[in-house]
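Shown here: structure-v9.cif, mmCIF, C-alpha atoms and all ligand atoms.
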data_input
#
loop_
_atom_site.label_atom_id
_atom_site.label_comp_id
_atom_site.auth_asym_id
_atom_site.auth_seq_id
_atom_site.Cartn_x
_atom_site.Cartn_y
_atom_site.Cartn_z
CA MET Y 283 0.00 0.00 0.00
CA GLY Y 284 1.31 3.43 -0.90
CA GLN Y 285 2.39 6.04 1.59
CA LEU Y 286 -0.59 8.28 0.91
CA SER Y 287 -3.35 5.75 1.52
CA GLN Y 288 -1.69 4.79 4.78
CA VAL Y 289 -1.60 8.41 5.85
CA HIS Y 290 -5.28 8.72 5.04
CA HIS Y 291 -6.20 5.59 6.93
CA GLU Y 292 -4.23 6.53 10.04
CA HIS Y 293 -5.66 9.98 10.02
CA SER Y 294 -9.23 8.75 9.84
CA ALA Y 295 -8.50 6.48 12.77
CA ALA Y 296 -7.00 9.37 14.71
CA SER Y 297 -9.94 11.59 13.95
CA PHE Y 298 -12.36 9.21 15.60
CA LYS Y 299 -10.49 9.70 18.85
CA HIS Y 300 -10.68 13.45 18.90
CA ALA Y 301 -13.59 13.58 21.34
CA GLU Y 302 -11.40 12.17 24.10
CA GLU Y 303 -7.82 13.21 23.41
CA THR Y 304 -6.35 14.80 20.31
CA SER Y 305 -3.69 12.57 18.90
CA PRO Y 306 -0.27 14.22 18.58
CA LEU Y 307 0.14 11.83 15.63
CA SER Y 308 -1.44 14.33 13.24
CA ALA Y 309 1.85 16.27 13.05
CA ASP Y 310 3.54 13.53 11.04
CA ILE Y 311 0.54 12.35 9.13
CA VAL Y 312 -0.99 15.35 7.36
CA SER Y 313 1.30 16.40 4.52
CA GLN Y 314 2.12 20.05 3.92
CA TYR Y 315 1.52 19.34 0.19
CA ALA Y 316 -2.04 19.25 -1.20
CA CYS Y 317 -0.90 16.66 -3.76
CA GLN Y 318 -0.40 14.23 -0.85
CA ARG Y 319 -3.85 14.81 0.61
CA ARG Y 320 -6.94 13.18 -0.87
CA THR Y 321 -9.34 16.12 -0.73
CA THR Y 322 -12.93 15.51 -1.85
CA LEU Y 323 -15.79 18.01 -1.99
CA ASN Y 324 -16.92 16.71 1.40
CA ASN Y 325 -15.93 19.69 3.52
CA TYR Y 326 -16.58 19.30 7.25
CA ASN Y 327 -15.15 22.73 8.03
CA LYS Y 328 -16.94 25.05 5.63
CA LYS Y 329 -17.50 27.80 8.21
CA PHE Y 330 -13.73 27.99 8.74
CA THR Y 331 -12.66 27.56 5.11
CA ASP Y 332 -15.15 30.22 3.95
CA ALA Y 333 -13.63 32.61 6.48
CA PHE Y 334 -10.08 31.89 5.26
CA GLU Y 335 -11.08 32.27 1.64
CA ILE Y 336 -12.50 35.74 2.36
CA LEU Y 337 -9.30 36.73 4.19
CA ALA Y 338 -7.16 35.31 1.36
CA GLU Y 339 -9.19 37.16 -1.24
CA ASN Y 340 -8.85 40.41 0.72
CA ASP Y 341 -5.08 39.95 0.82
CA GLU Y 342 -5.08 39.17 -2.88
CA PHE Y 343 -6.93 42.46 -3.53
CA ARG Y 344 -4.36 44.27 -1.41
CA GLU Y 345 -1.50 42.37 -3.10
CA ASN Y 346 -0.26 40.90 0.19
CA GLU Y 347 1.05 37.69 -1.35
CA GLY Y 348 2.41 36.06 1.80
CA PRO Y 349 -0.69 36.33 4.01
CA CYS Y 350 -2.90 35.41 1.04
CA LEU Y 351 -1.02 32.16 0.52
CA SER Y 352 -1.07 31.37 4.27
CA PHE Y 353 -4.85 31.62 4.41
CA ARG Y 354 -5.27 29.59 1.20
CA ARG Y 355 -3.02 26.84 2.58
CA ALA Y 356 -4.88 26.78 5.89
CA ALA Y 357 -8.24 26.49 4.10
CA SER Y 358 -6.86 23.68 1.97
CA VAL Y 359 -5.68 21.66 4.99
CA LEU Y 360 -9.06 22.08 6.71
CA LYS Y 361 -10.88 20.88 3.56
CA PHE Y 362 -8.94 17.63 3.88
CA LEU Y 363 -9.91 16.89 7.49
CA GLN Y 364 -12.36 14.04 7.98
CA PHE Y 365 -14.03 15.70 10.97
CA ALA Y 366 -15.38 19.10 11.97
CA ILE Y 367 -13.08 21.13 14.20
CA ALA Y 368 -14.80 21.43 17.56
CA ARG Y 369 -11.97 22.60 19.84
CA ILE Y 370 -8.75 24.49 19.21
CA ASN Y 371 -6.76 21.37 20.18
CA ASP Y 372 -8.12 19.66 17.08
CA ILE Y 373 -5.73 21.61 14.84
CA GLU Y 374 -2.64 20.74 16.87
CA GLY Y 375 0.14 19.41 14.68
CA LEU Y 376 -1.56 20.26 11.39
CA PRO Y 377 0.58 22.08 8.81
CA TRP Y 378 0.07 25.80 8.02
CA MET Y 379 -1.74 26.64 11.28
CA GLY Y 380 0.05 29.92 12.08
CA GLU Y 381 -0.89 32.40 14.80
CA GLN Y 382 -3.30 34.41 12.64
CA VAL Y 383 -5.01 31.27 11.41
CA LYS Y 384 -5.35 29.98 14.96
CA LYS Y 385 -6.88 33.25 16.13
CA VAL Y 386 -9.58 33.14 13.45
CA ILE Y 387 -10.44 29.53 14.33
CA GLU Y 388 -10.59 30.40 18.03
CA ASP Y 389 -12.90 33.35 17.37
CA ILE Y 390 -15.25 31.24 15.27
CA LEU Y 391 -15.27 28.49 17.91
CA GLU Y 392 -15.89 30.92 20.76
CA GLU Y 393 -18.01 33.68 19.19
CA GLY Y 394 -19.53 31.85 16.25
CA GLU Y 395 -17.87 34.34 13.89
CA SER Y 396 -14.58 36.15 13.27
CA ALA Y 397 -14.50 39.90 13.86
CA ARG Y 398 -11.63 40.13 11.38
CA VAL Y 399 -13.67 38.50 8.61
CA LYS Y 400 -16.66 40.69 9.47
CA ALA Y 401 -14.50 43.81 9.18
CA VAL Y 402 -13.22 42.70 5.77
CA LEU Y 403 -16.75 42.00 4.51
CA ASN Y 404 -17.79 45.49 5.62
CA SER Y 405 -14.78 47.30 4.18
CA GLU Y 406 -15.30 49.51 1.16
CA TYR Y 407 -12.07 48.32 -0.41
CA TYR Y 408 -12.99 44.60 -0.28
CA ARG Y 409 -16.59 45.18 -1.39
CA SER Y 410 -15.56 47.31 -4.37
CA PHE Y 411 -12.83 44.89 -5.50
CA LYS Y 412 -15.18 41.93 -5.07
CA LEU Y 413 -17.77 43.66 -7.23
CA PHE Y 414 -15.34 44.94 -9.90
CA THR Y 415 -13.49 41.62 -10.29
CA SER Y 416 -16.83 39.84 -10.69
CA VAL Y 417 -16.95 41.40 -14.18
CA PHE Y 418 -15.35 39.16 -16.84
CA GLY Y 419 -12.18 40.94 -18.02
CA VAL Y 420 -11.66 43.01 -14.86
CA GLY Y 421 -8.64 42.12 -12.73
CA LEU Y 422 -6.75 43.72 -9.87
CA LYS Y 423 -5.20 46.47 -12.01
CA THR Y 424 -8.50 47.78 -13.37
CA SER Y 425 -10.25 47.40 -10.00
CA GLY Y 426 -7.50 49.42 -8.35
CA LYS Y 427 -7.77 52.13 -10.96
CA TRP Y 428 -11.56 52.39 -10.58
CA PHE Y 429 -11.29 52.39 -6.79
CA ARG Y 430 -8.73 55.24 -6.86
CA MET Y 431 -11.06 57.18 -9.16
CA GLY Y 432 -13.59 57.06 -6.33
CA LEU Y 433 -15.89 54.58 -8.09
CA ARG Y 434 -17.65 52.04 -5.85
CA THR Y 435 -20.50 50.46 -7.82
CA LEU Y 436 -20.95 49.16 -11.37
CA GLU Y 437 -23.38 52.03 -11.94
CA ASP Y 438 -20.58 54.47 -10.98
CA VAL Y 439 -18.27 52.75 -13.46
CA LYS Y 440 -20.78 52.66 -16.31
CA CYS Y 441 -21.71 56.32 -15.86
CA ASP Y 442 -18.16 57.70 -15.61
CA LYS Y 443 -17.12 59.33 -18.87
CA ASN Y 444 -13.42 58.81 -18.11
CA VAL Y 445 -13.69 55.03 -17.93
CA GLN Y 446 -12.70 53.12 -21.07
CA PHE Y 447 -13.56 49.45 -21.34
CA THR Y 448 -11.72 46.67 -23.17
CA ARG Y 449 -13.72 44.50 -25.56
CA MET Y 450 -13.65 41.74 -22.93
CA GLN Y 451 -15.01 44.07 -20.22
CA LYS Y 452 -17.76 45.31 -22.50
CA ALA Y 453 -18.86 41.70 -23.05
CA GLY Y 454 -18.54 41.08 -19.30
CA LEU Y 455 -20.85 43.99 -18.47
CA LEU Y 456 -23.30 43.18 -21.25
CA HIS Y 457 -23.79 39.59 -20.00
CA TYR Y 458 -23.13 40.36 -16.34
CA GLU Y 459 -26.25 38.80 -14.81
CA ASP Y 460 -25.89 35.53 -16.74
CA LEU Y 461 -22.18 35.25 -16.02
CA ILE Y 462 -22.43 35.76 -12.25
CA SER Y 463 -25.19 33.18 -11.97
CA CYS Y 464 -23.34 29.88 -11.65
CA VAL Y 465 -23.03 27.34 -14.45
CA LEU Y 466 -24.80 24.10 -13.49
CA LYS Y 467 -23.44 20.64 -14.29
CA ALA Y 468 -26.41 20.02 -16.62
CA GLU Y 469 -25.49 23.19 -18.54
CA ALA Y 470 -21.85 22.13 -18.68
CA ASP Y 471 -22.94 18.77 -20.15
CA LEU Y 472 -24.93 20.57 -22.87
CA ILE Y 473 -21.94 22.79 -23.66
CA TYR Y 474 -19.84 19.62 -23.86
CA LEU Y 475 -22.16 18.26 -26.57
CA ILE Y 476 -21.94 21.49 -28.53
CA VAL Y 477 -18.13 21.58 -28.30
CA LYS Y 478 -17.71 17.90 -29.16
CA ASP Y 479 -20.14 17.99 -32.10
CA THR Y 480 -18.42 21.04 -33.56
CA VAL Y 481 -14.89 19.74 -33.05
CA TRP Y 482 -15.85 16.38 -34.61
CA LYS Y 483 -17.28 18.13 -37.68
CA PHE Y 484 -13.73 19.13 -38.54
CA CYS Y 485 -11.70 16.51 -36.74
CA PRO Y 486 -13.65 13.30 -36.07
CA GLY Y 487 -12.25 11.34 -33.15
CA ALA Y 488 -10.44 14.28 -31.57
CA LEU Y 489 -10.27 14.02 -27.78
CA VAL Y 490 -12.62 16.52 -26.11
CA THR Y 491 -12.36 16.48 -22.32
CA LEU Y 492 -14.29 18.48 -19.73
CA THR Y 493 -11.65 19.78 -17.30
CA GLY Y 494 -11.63 22.31 -14.42
CA GLY Y 495 -14.02 22.07 -11.48
CA PHE Y 496 -16.60 19.94 -13.31
CA ARG Y 497 -14.01 17.19 -13.88
CA ARG Y 498 -13.38 17.29 -10.10
CA GLY Y 499 -17.07 16.56 -9.53
CA LYS Y 500 -18.29 20.08 -8.75
CA LYS Y 501 -22.00 20.68 -9.30
CA VAL Y 502 -21.54 24.38 -10.15
CA GLY Y 503 -18.77 26.46 -11.69
CA HIS Y 504 -18.01 29.93 -12.98
CA ASP Y 505 -17.08 28.64 -16.45
CA VAL Y 506 -16.75 25.42 -18.47
CA ASP Y 507 -13.19 24.34 -19.31
CA PHE Y 508 -12.23 21.99 -22.15
CA LEU Y 509 -9.06 20.35 -23.37
CA ILE Y 510 -8.96 19.37 -27.03
CA THR Y 511 -6.29 17.01 -28.36
CA VAL Y 512 -5.92 15.57 -31.84
CA PRO Y 513 -4.45 12.08 -31.31
CA GLY Y 514 -1.48 10.88 -33.22
CA SER Y 515 -0.71 14.04 -35.11
CA ARG Y 516 0.80 17.45 -34.49
CA PRO Y 517 -1.63 20.06 -33.13
CA GLU Y 518 -4.20 21.00 -35.67
CA GLU Y 519 -3.75 24.78 -35.58
CA GLU Y 520 -6.66 25.26 -37.95
CA LEU Y 521 -9.12 23.44 -35.71
CA LEU Y 522 -9.91 26.22 -33.23
CA HIS Y 523 -10.29 28.71 -36.09
CA LEU Y 524 -12.75 26.39 -37.84
CA VAL Y 525 -14.73 25.87 -34.63
CA ILE Y 526 -14.95 29.61 -34.01
CA ASP Y 527 -16.00 30.38 -37.59
CA TYR Y 528 -18.69 27.72 -37.39
CA TRP Y 529 -20.10 29.09 -34.12
CA LYS Y 530 -20.01 32.62 -35.51
CA LYS Y 531 -22.13 31.53 -38.47
CA GLN Y 532 -24.53 29.78 -36.07
CA GLY Y 533 -24.82 32.94 -33.99
CA LEU Y 534 -23.58 31.08 -30.90
CA LEU Y 535 -20.55 33.26 -30.10
CA LEU Y 536 -21.27 36.24 -27.86
CA TYR Y 537 -17.55 36.94 -27.36
CA TYR Y 538 -14.23 35.29 -28.06
CA GLU Y 539 -10.53 35.91 -27.80
CA LEU Y 540 -8.23 33.48 -29.56
CA ILE Y 541 -4.65 33.17 -28.33
CA GLU Y 542 -2.15 31.38 -30.55
CA SER Y 543 0.35 28.93 -29.07
CA THR Y 544 3.66 30.37 -27.87
CA PHE Y 545 5.21 27.04 -26.92
CA GLU Y 546 8.92 26.46 -27.61
CA LYS Y 547 10.05 22.86 -27.46
CA THR Y 548 13.50 23.58 -26.03
CA LYS Y 549 12.25 25.61 -23.06
CA LEU Y 550 12.35 24.07 -19.59
CA PRO Y 551 9.11 24.00 -17.58
CA SER Y 552 8.34 27.32 -15.97
CA GLN Y 553 9.63 27.93 -12.43
CA LYS Y 554 6.68 30.14 -11.60
CA VAL Y 555 3.91 28.44 -9.71
CA ASP Y 556 1.08 30.48 -11.23
CA ALA Y 557 2.50 31.01 -14.72
CA PHE Y 558 0.18 30.89 -17.72
CA ASP Y 559 0.77 28.08 -20.17
CA HIS Y 560 1.61 28.37 -23.88
CA PHE Y 561 -1.23 26.40 -25.47
CA GLN Y 562 -3.40 27.76 -28.23
CA LYS Y 563 -6.63 28.69 -26.45
CA CYS Y 564 -9.91 30.52 -26.73
CA PHE Y 565 -11.72 32.42 -23.99
CA ALA Y 566 -15.33 32.61 -25.13
CA ILE Y 567 -18.87 33.42 -24.11
CA LEU Y 568 -21.34 31.01 -25.70
CA LYS Y 569 -25.06 31.37 -26.15
CA LEU Y 570 -26.80 28.35 -24.62
CA HIS Y 571 -30.41 28.14 -25.83
CA LYS Y 572 -33.01 27.32 -23.19
CA GLU Y 573 -34.79 24.86 -25.50
CA ARG Y 574 -31.63 22.76 -25.32
CA MET Y 575 -31.94 22.89 -21.55
CA ASP Y 576 -35.48 21.51 -21.79
CA GLU Y 577 -34.44 18.57 -23.93
CA GLY Y 578 -35.85 19.70 -27.21
CA THR Y 579 -39.24 21.08 -26.25
CA THR Y 580 -39.96 24.43 -27.81
CA LEU Y 581 -42.39 25.33 -25.07
CA THR Y 582 -39.89 27.45 -23.17
CA SER Y 583 -38.71 29.36 -26.20
CA MET Y 584 -42.30 29.97 -27.26
CA ALA Y 585 -43.19 31.18 -23.79
CA CYS Y 586 -40.10 33.38 -23.81
CA ALA Y 587 -40.98 34.78 -27.23
CA MET Y 588 -44.51 35.58 -26.13
CA LYS Y 589 -43.28 37.47 -23.09
CA GLU Y 590 -40.38 38.91 -25.10
CA MET Y 591 -37.98 37.29 -22.67
CA LYS Y 592 -34.59 36.10 -23.74
CA ASP Y 593 -34.52 32.37 -24.38
CA TRP Y 594 -30.81 31.81 -23.85
CA LYS Y 595 -28.07 32.07 -21.21
CA ALA Y 596 -24.54 33.40 -21.69
CA ILE Y 597 -21.91 30.89 -20.52
CA ARG Y 598 -18.15 31.36 -20.15
CA VAL Y 599 -16.23 28.64 -21.99
CA ASP Y 600 -12.47 28.08 -22.15
CA LEU Y 601 -11.04 25.90 -24.93
CA VAL Y 602 -7.43 24.73 -24.77
CA VAL Y 603 -5.71 22.80 -27.58
CA SER Y 604 -2.75 20.57 -26.73
CA PRO Y 605 -0.47 18.45 -28.90
CA SER Y 606 -0.82 14.70 -28.27
CA GLU Y 607 2.44 14.23 -26.38
CA GLN Y 608 1.53 17.01 -23.94
CA HIS Y 609 -2.07 15.85 -23.38
CA ALA Y 610 -1.48 14.29 -19.93
CA PHE Y 611 0.36 17.39 -18.64
CA ALA Y 612 -2.32 19.71 -20.01
CA LEU Y 613 -5.09 17.56 -18.50
CA LEU Y 614 -3.38 17.47 -15.10
CA GLY Y 615 -2.80 21.24 -15.21
CA TRP Y 616 -6.30 22.21 -16.32
CA THR Y 617 -8.13 19.94 -13.90
CA GLY Y 618 -6.98 21.96 -10.86
CA SER Y 619 -7.77 22.89 -8.19
CA ARG Y 620 -5.41 25.85 -8.22
CA GLN Y 621 -4.15 25.00 -4.74
CA PHE Y 622 -3.57 21.40 -5.83
CA GLU Y 623 -1.61 22.59 -8.90
CA ARG Y 624 0.51 24.99 -6.87
CA ASP Y 625 1.48 22.27 -4.41
CA LEU Y 626 2.14 19.71 -7.14
CA ARG Y 627 4.69 22.07 -8.70
CA ARG Y 628 6.14 23.02 -5.34
CA TYR Y 629 6.47 19.33 -4.48
CA ALA Y 630 8.20 18.58 -7.80
CA THR Y 631 10.67 21.44 -7.30
CA HIS Y 632 11.49 21.00 -3.60
CA GLU Y 633 11.12 17.28 -3.03
CA LYS Y 634 12.17 15.84 -6.41
CA LYS Y 635 14.43 18.45 -8.05
CA MET Y 636 12.06 18.39 -11.01
CA ARG Y 637 10.19 21.08 -12.91
CA LEU Y 638 6.54 20.56 -13.77
CA ASP Y 639 4.24 22.75 -15.83
CA ASN Y 640 1.23 22.25 -18.13
CA HIS Y 641 3.54 21.08 -20.96
CA ALA Y 642 6.21 18.82 -19.51
CA LEU Y 643 8.14 17.36 -16.58
CA TYR Y 644 11.90 17.88 -16.44
CA ASP Y 645 14.30 15.98 -14.18
CA LYS Y 646 17.07 18.40 -13.13
CA THR Y 647 19.25 15.63 -11.70
CA LYS Y 648 19.25 13.52 -14.86
CA ASN Y 649 18.80 16.50 -17.18
CA ILE Y 650 16.03 14.82 -19.16
CA PHE Y 651 12.37 15.37 -19.98
CA LEU Y 652 10.16 12.61 -18.54
CA SER Y 653 7.38 11.76 -20.97
CA ALA Y 654 3.93 10.61 -19.88
CA ALA Y 655 0.89 9.29 -21.73
CA SER Y 656 -1.44 9.57 -18.72
CA GLU Y 657 -1.85 11.49 -15.47
CA GLU Y 658 -1.03 8.26 -13.61
CA GLU Y 659 2.42 8.23 -15.23
CA ILE Y 660 3.11 11.81 -14.10
CA PHE Y 661 2.21 10.96 -10.50
CA ALA Y 662 4.46 7.88 -10.79
CA HIS Y 663 7.40 9.96 -12.11
CA LEU Y 664 6.96 12.20 -9.07
CA GLY Y 665 6.81 9.22 -6.69
CA LEU Y 666 3.28 10.20 -5.63
CA ASP Y 667 0.24 7.99 -5.08
CA TYR Y 668 -2.34 8.66 -7.78
CA LEU Y 669 -5.15 11.04 -6.86
CA GLU Y 670 -8.39 10.84 -8.84
CA PRO Y 671 -9.72 14.20 -10.13
CA TRP Y 672 -12.39 14.29 -7.39
CA GLU Y 673 -9.63 13.91 -4.79
CA ARG Y 674 -7.91 17.08 -6.02
CA ASN Y 675 -10.38 19.57 -4.48
CA ALA Y 676 -7.68 21.04 -2.26
N1 LIG O 1 -5.48 26.86 -14.39
C1 LIG O 1 -4.11 26.98 -14.42
N2 LIG O 1 -3.56 28.16 -14.75
C2 LIG O 1 -4.34 29.21 -15.06
C3 LIG O 1 -5.73 29.11 -15.05
C4 LIG O 1 -6.28 27.89 -14.71
O1 LIG O 1 -3.40 26.03 -14.15
N3 LIG O 1 -3.76 30.37 -15.35
C5 LIG O 1 -6.05 25.59 -14.02
C6 LIG O 1 -6.42 25.48 -12.57
C7 LIG O 1 -7.86 25.15 -12.54
C8 LIG O 1 -8.27 24.97 -13.99
O2 LIG O 1 -7.21 25.41 -14.78
C9 LIG O 1 -9.53 25.67 -14.34
O3 LIG O 1 -9.51 27.02 -13.91
P1 LIG O 1 -10.82 27.71 -13.36
O4 LIG O 1 -11.93 27.56 -14.32
O5 LIG O 1 -10.46 29.11 -12.98
O6 LIG O 1 -11.09 26.93 -12.01
P2 LIG O 1 -12.14 25.83 -11.65
O7 LIG O 1 -11.46 24.95 -10.68
O8 LIG O 1 -12.70 25.21 -12.87
O9 LIG O 1 -13.23 26.65 -10.86
P3 LIG O 1 -14.64 27.24 -11.36
O10 LIG O 1 -15.64 26.24 -10.88
O11 LIG O 1 -14.78 28.54 -10.66
O12 LIG O 1 -14.63 27.38 -12.84
MG MG O 2 -13.63 26.33 -14.43
#
How does the structure come out when it is put into structure tokens?
Ligand code: DCT
Ligand code: MG
Amino acid sequence: MGQLSQVHHEHSAASFKHAEETSPLSADIVSQYACQRRTTLNNYNKKFTDAFEILAENDEFRENEGPCLSFRRAASVLKFLQFAIARINDIEGLPWMGEQVKKVIEDILEEGESARVKAVLNSEYYRSFKLFTSVFGVGLKTSGKWFRMGLRTLEDVKCDKNVQFTRMQKAGLLHYEDLISCVLKAEADLIYLIVKDTVWKFCPGALVTLTGGFRRGKKVGHDVDFLITVPGSRPEEELLHLVIDYWKKQGLLLYYELIESTFEKTKLPSQKVDAFDHFQKCFAILKLHKERMDEGTTLTSMACAMKEMKDWKAIRVDLVVSPSEQHAFALLGWTGSRQFERDLRRYATHEKKMRLDNHALYDKTKNIFLSAASEEEIFAHLGLDYLEPWERNA
């Protein structure tokens, strides 16, 4: 039995005991790396992890990288626990439980809420950034600029004559209500059919895989992510162009931005943990017709037409095209979660003297690229027990 499953088993055993005496064992058994923790969507500590995610987000808005990462790591460890934290002793020996983290947990245990989190939720800075970044195409830079201009609401932003929007932001504002309402799994499945049918029109048999949160078993998401691979041949650079042209003619594309591949074969995997990859990709907003949602009945669209309601929903879709030999790396990278990916790369660098990114794995000791045809092979190269996609919800 591998090291990871043992860890999991021992920990579950230890967690049963917590009502009597917290086991000091936990110090050696919960890994500091998310890629060594089987983390499902079963979160026993949501009230704590929600708090840490708000604090992390606030630090992200304020560009405090260190504290942001600390809170994200703490949340990730708590998502792994097989029991709900009931006393402060329960976190003894767990990784990433610094003083600030401990204080927040104590406050929630004692008061039912954290004053620090409450203050963040009430702060003008956090509220404005939260609102601004909820618009597709708006990041920290733009939010900061709008905040410094004294703008606080989307109405403020839309009415200000000095604000100029990018094409992406215009699309984001135009479809704002649809895009902030979550994508459901059933909608993601319908988008999958549209993507697969279109891709197969031009490239029958191409691999079309749902990635991101939905591959990890999530029931809702903010977008639908796909990886497209043409087996056995070099990447079909035409393919994405053909797909886009087809959707344009069908009137299905509300917005798109196509980014050509910038991959260079000789380059070593990126050192940066959050670096963007070099695949050809398309960030799009697709029109999903409601009649599709109702399995072919036209009743809804008729009803919508009669009331002059719109009979479609705007959905964010990301398409990524990878060459065959990079498929496993791309799939692993685009499945997430982000915290899982960060720790996988950190583990490769610090524990294995290897470099991992969405394209390749490089062994710095042997000075060779390690090829892989599946995610299982990448885990094996790294000496890690395999984690299924639904166990990567770190
Ligand atoms: N990813 C990455 N590097 C990026 C962007 C994304 O490695 N620059 C990976 C991590 C997760 C995955 O791609 C999909 O990204 P998101 O759609 O942002 O995350 P998600 O887990 O699918 O979450 P959501 O449900 O919000 O879409
Ligand atoms: Mg996603």
### Contacts of stretch 596-613 of chain Y at 7 Å (all atoms listed in the file; same-chain gap of 3+ positions) as JSON, numbers by chain
{"Y": [457, 460, 461, 505, 506, 507, 508, 509, 510, 511, 512, 513, 514, 515, 516, 517, 561, 562, 563, 564, 565, 566, 567, 568, 569, 570, 616, 617, 640, 641, 642, 654, 655, 656, 657]}
### Task
Write out as a VMD selection string each polymer residue (protein, DNA or RNA) that has an atom no more than 6 Å from ligand LIG 1 (chain O), with all atoms listed in the file counted.
chain Y and resid 494 to 495 503 to 505 558 615 to 620
### Message
Calculated over only C-alpha atoms, which of the candidates Y:Val445, Y:Ile370, Y:Met575, Y:Ala630 has the smallest distance to Y:Met431?
### Response
Y:Val445
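Closest approach to ligand MG 2 (chain O) among Y:Cys441, Y:Glu459, Y:Arg355, Y:Lys501 is made by Y:Lys501 (distances from only C-alpha atoms and all ligand atoms).
In terms of minimum interatomic distance to ligand MG 2 (chain O), Y:Phe496 ranks closest within Y:Trp672, Y:Tyr538, Y:Trp529, Y:Phe496, counting all atoms listed in the file.
Take the candidates Y:Lys467, Y:Arg344, Y:Lys400, Y:Arg628 and check each one against Y:Ser552 using all atoms listed in the file; the shortest distance goes to Y:Arg628.
Going from atom CA of Y:Val312 to atom CA of Y:Gln621 covers 15.8 Å.
One distance worth recording is that between atom CA of Y:Ser543 and atom CA of Y:His560, which is 5.4 Å.
Of the listed residues (Y:Pro377, Y:Lys500, Y:Ser653, Y:Arg369), Y:Lys500 comes nearest to ligand MG 2 (chain O); the distances count all atoms listed in the file.
Closest to ligand MG 2 (chain O) among Y:Leu540, Y:Lys592, Y:Glu659, Y:Arg497 is Y:Arg497, based on only C-alpha atoms and all ligand atoms.
Here atom CA of Y:Asn327 is placed at a distance of 12.8 Å from atom CA of Y:Ala676.
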#### Entry: Who sits within 12 Å of Y:Asp479, only C-alpha atoms, same chain under 6 positions skipped, as a list of chain:residue names
Y:Leu472, Y:Ile473, Y:Cys485, Y:Pro486, Y:Gly487, Y:Ala488, Y:Leu489, Y:Val490, Y:Val525, Y:Tyr528, Y:Trp529
#### Entry: Close residues, Y:Ala453 itself excluded, 9 Å, only C-alpha atoms, min 6 positions apart in chain, as a ChimeraX atom specification
/Y:418-419,536-537,567
Box centre and edge lengths (Å, one decimal), axis-aligned, stretch 400-412 of chain Y plus 3 Å each side, as lines of an AutoDock Vina configuration file:
center_x = -14.9
center_y = 45.1
center_z = 2.0
size_x = 11.7
size_y = 14.8
size_z = 21.0
### Query
Which neighbours of stretch 319-324 of chain Y fall inside 10 Å, counting all atoms listed in the file, when residues of the same chain fewer than 5 positions from it are skipped, and could you give them as an NGL selection string?
:Y and (286-287 or 289-290 or 311-314 or 358-364 or 498-501 or 622 or 667-676)
### Task
Write out as a ChimeraX atom specification which residues come within 12 Å of Y:His632 when counting only C-alpha atoms, dropping same-chain ones fewer than 5 positions away.
/Y:315,553,625-627,637-638,646,664
